[in-house]
Amino acid sequence: MGETEPTTKTRHRLTGALAVLFWIGVWQVASMAIASEFILAGPIDAACALIRLIPSSAFWEHVGFSTLRIVGGTVASYILAIALASLAWRSRVARTLVSPALSAIKSTPVACVVVVLLIWFGSVNVSAIAVFLMALPGVYFSMLKGLDELDRHLVELFDLFRARTVVRLCALIWPGVMPYLIAASETVLSMSWKAGIAAELIGVPDGSIGERIYQAKLLLETADLFAWTIVVVALAWVFERAVLALMRGSWPALGRWAARRGDAADASAPRDTHLAAEHLVVGHRGHAACPALDMNMHAGEVLCLMGPSGAGKTTLLDTICGLLAPLDGNLRIPTDTRYAAVFQDIRLVDELSAIENVRLFATTDTDARAMLAELLPDDALDKPVRELSGGQRRRVELARAFAAPADIVALDEPFGGLDRATHETALAFIARHRDERILIVSTHDEGDALALGAPILRIG
């Protein structure tokens with residue numbers, strides 16, 4: 001029988017603690033062998049010095065001085081790095097201008113940077129500025145990489161449903177970039193303390209931890225030097241663990257918060273939309289997917305697309321929804337038209353529940369639970385959708401498409417993975433909730449057209 005996760009974590013912590021005790025023992029033995037506190041104070045000597053320092057107000061003033069500047073510089077670097085990476089993600093010009101400068105900063109030795117900063121700014125805030133410059137490139141390049149690697153299909157989903165900025169940030173961008181930021185932070189957060197203390201050792205600002213370490217070195221107070229070093233290591237460890245815990249704990253909490261807010265700035269009823277296509281040619285990279293098509297639809301009308309796999313049904317739906325540009329012909333749809341869709345491939349935020357996935361794009365007054373209850377068993381509504389079957393996930397997408405405010409709904413093989421009973425349930429759901437929307441359904445079953453009372457457009 002395999003170990004449970006808590007047991008594994010306990011074993012790792014115990015192993016780590018034993019390793020630390022082993023090296024403390026080696027340190028103590030080495031100190032005893034050298035037998036000179038001036039050359040190598042042992043852990044007991046360092047502990048005694050630390051116990052002597054902690055009760056004094058001066059100790060906490062020094063800790064506060066350095067902590068304020070190092071943490072402040074780190075936070076400022078994260079804010080600017082995330083802003084610059086977001087700008088570079090959207091603008092190739094910005095990426096071209098910013099990346100070389102940050103690459104140069106990343107390659108410059110900290111000591112050289114500190115010397116220049118001392119000349120320009122003096123010693124009081126040199127640690128804050130040094131930390132800021134050290135952390136900036138690491139966070140920037142990681143954030144930019146995360147943005148570049150966002151799931152293209154989810155980006156299309158959020159674009160098509162016109163998700164508001166807060167929903168996009170909390171449920172798409174943050175979970176996408178978070179692994180990259182965490183990986184960078186595991187290095188940057190501890191390095192920020194090393195860079196900050198190094199800057200203080202060079203600049204020796206009054207009232208800093210770096211000043212106390214420098215003074216301990218001059219006076220050969222080796223035990224004090226080790227005591228202050230232990231303080232720095234402890235502060236760096238606590239800071240790193242706190243920030244990483246905050247990052248890891250933010251997801252999926254942020255997504256759930258965004259889902260509770262609801263979306264759709266424009267929550268009005270479906271409009272009197274029309275769709276007209278004349279000799280419309282759709283395809284990819286200049287290659288037509290099917291012969292030219294003509295269509296003319298108004299609010300409340302339904303059309304079923306039928307044809308063999310690869311005939312161009314998905315390409316046509318993507319073109320109607322604005323995800324692809326037509327190759328030729330005319331496609332006329334009002335510019336303010338709102339869309340919703342069920343894509344051929346499943347596109348859900350896996351860490352969120354069925355209800356939360358629907359609420360991300362639904363209006364605040366939509367009863368997502370009631371809509372989902374028409375399609376799913378009660379015990380599936382609050383589970384993360386990654387735990388649902390393929391057919392259940394497909395039904396979540398169907399509910400999401402009709403919960404969102406839309407004038408045109410495109411359903412690309414929405415009944416895939418459904419047995420006959422759930423297929424009929426889904427058809428009945430569509431009939432109840434289609435309202436005055438234009439509805440276009442890609443299907444292989446002529447019975448779907450009959451059930452929806454829809455004409456068939458054969459493609460291919």
# chains A, B, ... in the order shown; residues from 1 in each chain; ligands from 1
$ select_by_dssp --residues "stretch 238-434 of chain A" --states "strand (DSSP E)" --output "NGL selection string"
:A and (274-281 or 283-284 or 287-288 or 293-298 or 302-306 or 328-332 or 339-342 or 408-412)
$ residues_around --residues "A:Leu305" --least-positions-apart "4" --cutoff "12 Å" --atoms "only C-alpha atoms" --output "MDAnalysis selection string"
chainID A and resid 293 295 309 311:317 410:413 439:446 448:449 454:460
$ atom_distance --atom1 "atom CA of A:Leu331" --atom2 "atom CA of A:Asp294"
9.2 Å
$ closest_residue --among "A:Ala184, A:Met178, A:Val232, A:Ile129" --to "A:Ile197" --atoms "only C-alpha atoms"
A:Val232
$ select_by_dssp --residues "stretch 211-435 of chain A" --states "alpha helix (DSSP H)" --output "number ranges by chain"
A: 211-218, 222-249, 253-261, 313-320, 354-359, 368-373, 390-403, 420-433
$ residues_around --residues "A:Ala403" --least-positions-apart "6" --cutoff "7 Å" --atoms "only C-alpha atoms" --output "PyMOL selection string"
chain A and resi 358+362+366
$ write_last_selection --atoms "N, CA, C and O atoms" --output "CSV table (one decimal), in the first residue's frame"
chain,number,residue,atom,x,y,z
A,358,VAL,N,-19.5,27.7,-15.2
A,358,VAL,CA,-20.6,28.4,-15.8
A,358,VAL,C,-20.7,29.9,-15.4
A,358,VAL,O,-20.9,30.8,-16.2
A,362,ALA,N,-21.4,33.8,-17.0
A,362,ALA,CA,-22.8,34.0,-16.9
A,362,ALA,C,-23.1,35.4,-16.3
A,362,ALA,O,-22.2,36.0,-15.7
A,366,THR,N,-28.1,34.9,-13.3
A,366,THR,CA,-28.3,33.6,-13.8
A,366,THR,C,-28.2,32.5,-12.7
A,366,THR,O,-27.2,32.5,-11.9
$ residues_around --residues "A:Leu154" --least-positions-apart "4" --cutoff "9 Å" --atoms "only C-alpha atoms" --output "list in words"
Leu150, Phe158, Asp159, Leu172, Arg347, Leu348 and Val349 of chain A
$ residues_around --residues "A:Leu201" --least-positions-apart "3" --cutoff "6 Å" --atoms "only C-alpha atoms" --output "PyMOL selection string"
chain A and resi 198+204+210
$ write_last_selection --atoms "all heavy atoms" --output "mmCIF file, in the first residue's frame"
data_model
loop_
_atom_site.group_PDB
_atom_site.id
_atom_site.type_symbol
_atom_site.label_atom_id
_atom_site.label_comp_id
_atom_site.auth_asym_id
_atom_site.auth_seq_id
_atom_site.Cartn_x
_atom_site.Cartn_y
_atom_site.Cartn_z
ATOM 1 N N ALA A 198 24.584 41.795 0.813
ATOM 2 C CA ALA A 198 25.861 42.084 0.148
ATOM 3 C C ALA A 198 26.001 43.587 -0.112
ATOM 4 O O ALA A 198 27.084 44.166 0.064
ATOM 5 C CB ALA A 198 25.958 41.306 -1.160
ATOM 6 N N VAL A 204 27.727 49.707 3.904
ATOM 7 C CA VAL A 204 27.716 49.833 5.363
ATOM 8 C C VAL A 204 26.797 50.965 5.836
ATOM 9 O O VAL A 204 27.232 51.896 6.534
ATOM 10 C CB VAL A 204 29.140 50.032 5.912
ATOM 11 C CG1 VAL A 204 29.175 49.710 7.409
ATOM 12 C CG2 VAL A 204 30.151 49.171 5.189
ATOM 13 N N GLY A 210 23.795 44.511 7.592
ATOM 14 C CA GLY A 210 25.106 44.487 6.945
ATOM 15 C C GLY A 210 26.158 45.221 7.751
ATOM 16 O O GLY A 210 27.317 44.790 7.841
#
$ closest_residue --among "A:Lys106, A:His423, A:Arg394, A:Arg162" --to "A:Arg338" --atoms "only C-alpha atoms"
A:Arg162
$ atom_distance --atom1 "atom CA of A:Ala426" --atom2 "atom CA of A:Leu375"
6.8 Å
$ residues_around --residues "A:Ala163" --least-positions-apart "4" --cutoff "12 Å" --atoms "only C-alpha atoms" --output "PyMOL selection string"
chain A and resi 154-159+167-173+258-259+262-266+338-340+359-363+404-405
$ closest_residue --among "A:Ile202, A:Val342, A:His298, A:Arg420" --to "A:Val396" --atoms "only C-alpha atoms"
A:Val342
$ atom_distance --atom1 "atom CA of A:His274" --atom2 "atom CA of A:Pro334"
7.4 Å
$ closest_residue --among "A:Ala101, A:Ala128, A:Leu50, A:Leu160" --to "A:Phe343" --atoms "only C-alpha atoms"
A:Leu160
$ decode --residues "stretch 380-396 of chain A" --atoms "N, CA, C and O atoms" --output "JSON list (two decimals), in the first residue's frame"
[["chain", "number", "residue", "atom", "x", "y", "z"],
["A", 380, "ALA", "N", -22.43, 16.13, -9.03],
["A", 380, "ALA", "CA", -21.40, 16.57, -9.98],
["A", 380, "ALA", "C", -21.27, 18.08, -10.05],
["A", 380, "ALA", "O", -20.31, 18.58, -10.63],
["A", 381, "LEU", "N", -22.20, 18.81, -9.44],
["A", 381, "LEU", "CA", -22.23, 20.26, -9.64],
["A", 381, "LEU", "C", -21.09, 20.99, -8.95],
["A", 381, "LEU", "O", -20.62, 22.01, -9.46],
["A", 382, "ASP", "N", -20.65, 20.51, -7.80],
["A", 382, "ASP", "CA", -19.64, 21.22, -7.02],
["A", 382, "ASP", "C", -18.26, 20.56, -7.07],
["A", 382, "ASP", "O", -17.35, 20.99, -6.36],
["A", 383, "LYS", "N", -18.11, 19.53, -7.88],
["A", 383, "LYS", "CA", -16.80, 18.90, -8.04],
["A", 383, "LYS", "C", -15.94, 19.69, -9.03],
["A", 383, "LYS", "O", -16.47, 20.29, -9.97],
["A", 384, "PRO", "N", -14.62, 19.69, -8.84],
["A", 384, "PRO", "CA", -13.77, 20.22, -9.92],
["A", 384, "PRO", "C", -14.06, 19.44, -11.21],
["A", 384, "PRO", "O", -14.20, 18.22, -11.18],
["A", 385, "VAL", "N", -14.16, 20.15, -12.32],
["A", 385, "VAL", "CA", -14.59, 19.48, -13.56],
["A", 385, "VAL", "C", -13.58, 18.44, -14.04],
["A", 385, "VAL", "O", -13.93, 17.58, -14.84],
["A", 386, "ARG", "N", -12.34, 18.51, -13.55],
["A", 386, "ARG", "CA", -11.38, 17.48, -13.95],
["A", 386, "ARG", "C", -11.79, 16.10, -13.43],
["A", 386, "ARG", "O", -11.31, 15.08, -13.94],
["A", 387, "GLU", "N", -12.66, 16.05, -12.43],
["A", 387, "GLU", "CA", -13.12, 14.78, -11.87],
["A", 387, "GLU", "C", -14.37, 14.25, -12.58],
["A", 387, "GLU", "O", -14.83, 13.15, -12.26],
["A", 388, "LEU", "N", -14.91, 14.99, -13.53],
["A", 388, "LEU", "CA", -16.11, 14.57, -14.23],
["A", 388, "LEU", "C", -15.77, 13.75, -15.46],
["A", 388, "LEU", "O", -14.66, 13.84, -16.00],
["A", 389, "SER", "N", -16.72, 12.98, -15.92],
["A", 389, "SER", "CA", -16.53, 12.20, -17.15],
["A", 389, "SER", "C", -16.57, 13.13, -18.36],
["A", 389, "SER", "O", -16.99, 14.30, -18.27],
["A", 390, "GLY", "N", -16.14, 12.60, -19.51],
["A", 390, "GLY", "CA", -16.14, 13.41, -20.72],
["A", 390, "GLY", "C", -17.53, 13.91, -21.08],
["A", 390, "GLY", "O", -17.71, 15.07, -21.47],
["A", 391, "GLY", "N", -18.54, 13.05, -20.94],
["A", 391, "GLY", "CA", -19.90, 13.46, -21.24],
["A", 391, "GLY", "C", -20.41, 14.52, -20.29],
["A", 391, "GLY", "O", -21.12, 15.45, -20.69],
["A", 392, "GLN", "N", -20.06, 14.41, -19.02],
["A", 392, "GLN", "CA", -20.48, 15.42, -18.04],
["A", 392, "GLN", "C", -19.80, 16.75, -18.32],
["A", 392, "GLN", "O", -20.42, 17.82, -18.21],
["A", 393, "ARG", "N", -18.53, 16.71, -18.68],
["A", 393, "ARG", "CA", -17.80, 17.94, -19.01],
["A", 393, "ARG", "C", -18.43, 18.64, -20.22],
["A", 393, "ARG", "O", -18.56, 19.86, -20.26],
["A", 394, "ARG", "N", -18.85, 17.83, -21.19],
["A", 394, "ARG", "CA", -19.49, 18.40, -22.36],
["A", 394, "ARG", "C", -20.81, 19.09, -21.99],
["A", 394, "ARG", "O", -21.14, 20.16, -22.51],
["A", 395, "ARG", "N", -21.54, 18.52, -21.05],
["A", 395, "ARG", "CA", -22.80, 19.14, -20.63],
["A", 395, "ARG", "C", -22.56, 20.43, -19.84],
["A", 395, "ARG", "O", -23.37, 21.36, -19.90],
["A", 396, "VAL", "N", -21.45, 20.48, -19.11],
["A", 396, "VAL", "CA", -21.09, 21.75, -18.44],
["A", 396, "VAL", "C", -20.88, 22.84, -19.48],
["A", 396, "VAL", "O", -21.35, 23.98, -19.32]]
